[in-house]
Amino acid sequence: MNYQQQVNAAVDYLRSRGIQAPEAGIILGTGLGNLATEIVPEIEVLYSDIPHFPEATVEFHAGKLIYGTLAGRKVLALKGRFHFYEGYTMQQITLPVRVMKLLGVKWLFISNAAGGMNTALKKGDLMLIDDHINLQPGNPLIGANVNEWGPRFPDMSRPYSPVLNALLKQAAAEQQIALREGVYVSVPGPNLETRAEYRFLHRIGADAVGMSTVPEVIAANHGSLPCAAISVITDECDPDNLKPVDIAEIIEVAGKAELKLTAVFKRAIELLPA
C-alpha cells in the first residue's frame, strides 16, 4: 500500500466513525493539551485505532484525535504530534495534515514549545511564527508527487497565512495578551542545543528553536491549507548565560502559558470567515 492509499484509508476510517466537514484543524504541541478540554467532544479516536496513523511515543503527548465544537465551529484536534526524533519519516509525521485536508479542514492552527534565542523573549511568552528555517534532515515532499494534493514545487514565500496571523493578533489584542512575532527554526533533536549552536541559529535569523512544526507547515502549504503557528517560549537560550534545562520545567512553563494560548486560539477560531 503506497502513501496515498494509507492516507485515504485513514480518511475513510474517520469518516466511518462520523467525522464530517470540520472547519478548523488544531495540532497541540508539547505540554499544550489544555485547549482540548475546551472542545465539546462528539467523537474521540485513539491514534492506535486509525489505520496507518503513527503513535505518539513522547510521554506528555496523549495520542488522541478529538472531533467536536469549539467557539461555535467544528474542529478536529490532534492531542499529541509526531517528531523526527521518534524515528518517524517525514511522510508519517505529516500524514495527519493530509488526513485533515481530505476530511475538509479549511484552516490549520499549530502550537509548539520552543526555546527563545532572541533575548527579548522570556519564559511563558507567546510568539506568533512569521517565517521559519528548516534544518530538519528531510522534507515531506520528497518522493513521487501526488498531483491531486498539490504541485511538485509549492511556493513557500508566505508559509504562514496572513489571514490567520491577523486573526491571531486581533484575538490576542482583544484579550490584552502579549503576542510577539518571530522566526522559528526546526532542528532534529532530541537533545537540546549547545551554546555554539544557539549562537549559530540566532545568527542565521531565528528567534526561537524547536523540533517540530515545519514538516506539517510544508505539507499544509503543498495542499493549499492555510495555517498559522504559535510557539510557547519555555526556556531562554542565551548562550552567554545558559543554564541546564530540565524537561519537567519546560512542561511546567508550557502548562502555565497555555491558558493564554488557549484563549488566543479559541477567539481566533471564533473570528474565522464563514
# chains A, B, ... in the order shown; residues from 1 in each chain; ligands from 1

call {"tool": "residues_around", "arguments": {"residues": "Asn139 (chain A)", "least_positions_apart": "3", "cutoff": "10 Å", "atoms": "only C-alpha atoms", "output": "ChimeraX atom specification"}}
result
/A:89-91,94,134-136,142-143,214-216,218-219

call {"tool": "residues_around", "arguments": {"residues": "Arg195 (chain A)", "least_positions_apart": "6", "cutoff": "9 Å", "atoms": "only C-alpha atoms", "output": "list in words"}}
result
Cys237, Asp238, Pro239, Asp240 and Leu242 of chain A

call {"tool": "residues_around", "arguments": {"residues": "Val99 (chain A)", "least_positions_apart": "5", "cutoff": "9 Å", "atoms": "only C-alpha atoms", "output": "list in words"}}
result
Val7, Asn8, Ala10, Val11, Thr94, Gly104 and Val105 of chain A

call {"tool": "closest_residue", "arguments": {"among": "A:Thr213, A:Thr234, A:Asn221, A:Gln4", "to": "Trp107 (chain A)", "atoms": "only C-alpha atoms"}}
result
A:Asn221

call {"tool": "residues_around", "arguments": {"residues": "Asp207 (chain A)", "least_positions_apart": "3", "cutoff": "12 Å", "atoms": "only C-alpha atoms", "output": "ChimeraX atom specification"}}
result
/A:114-122,127-133,180-186,198-204,210,231,233,236-238

call {"tool": "atom_distance", "arguments": {"atom1": "CA of Ser157 (chain A)", "atom2": "CA of Gly205 (chain A)"}}
result
15.9 Å

call {"tool": "atom_distance", "arguments": {"atom1": "CA of Gly255 (chain A)", "atom2": "CA of Ala77 (chain A)"}}
result
17.7 Å

call {"tool": "residues_around", "arguments": {"residues": "Arg17 (chain A)", "least_positions_apart": "6", "cutoff": "12 Å", "atoms": "only C-alpha atoms", "output": "PyMOL selection string"}}
result
chain A and resi 10-11+42-46+49-50+65-67

call {"tool": "closest_residue", "arguments": {"among": "A:Pro273, A:Met100, A:Ala229, A:Ala263", "to": "Gln176 (chain A)", "atoms": "only C-alpha atoms"}}
result
A:Ala263

call {"tool": "select_by_dssp", "arguments": {"residues": "region 75-155 of chain A", "states": "alpha helix (DSSP H)", "output": "mmCIF file with C-alpha atoms, in the first residue's frame"}}
result
data_model
loop_
_atom_site.group_PDB
_atom_site.id
_atom_site.type_symbol
_atom_site.label_atom_id
_atom_site.label_comp_id
_atom_site.auth_asym_id
_atom_site.auth_seq_id
_atom_site.Cartn_x
_atom_site.Cartn_y
_atom_site.Cartn_z
ATOM 1 C CA MET A 90 8.542 12.936 7.201
ATOM 2 C CA GLN A 91 5.584 11.302 5.449
ATOM 3 C CA GLN A 92 4.427 9.704 8.703
ATOM 4 C CA ILE A 93 4.846 12.977 10.603
ATOM 5 C CA THR A 94 2.652 14.820 8.104
ATOM 6 C CA LEU A 95 0.064 12.102 7.488
ATOM 7 C CA PRO A 96 -2.400 13.760 9.918
ATOM 8 C CA VAL A 97 -2.195 17.025 7.947
ATOM 9 C CA ARG A 98 -3.052 15.175 4.738
ATOM 10 C CA VAL A 99 -5.937 13.466 6.521
ATOM 11 C CA MET A 100 -7.265 16.768 7.914
ATOM 12 C CA LYS A 101 -7.216 18.377 4.483
ATOM 13 C CA LEU A 102 -9.095 15.486 2.865
ATOM 14 C CA LEU A 103 -11.666 15.493 5.684
#

call {"tool": "select_by_dssp", "arguments": {"residues": "region 45-186 of chain A", "states": "strand (DSSP E or B)", "output": "PyMOL selection string"}}
result
chain A and resi 45-46+64-70+73-79+107-116+126-134+179-186
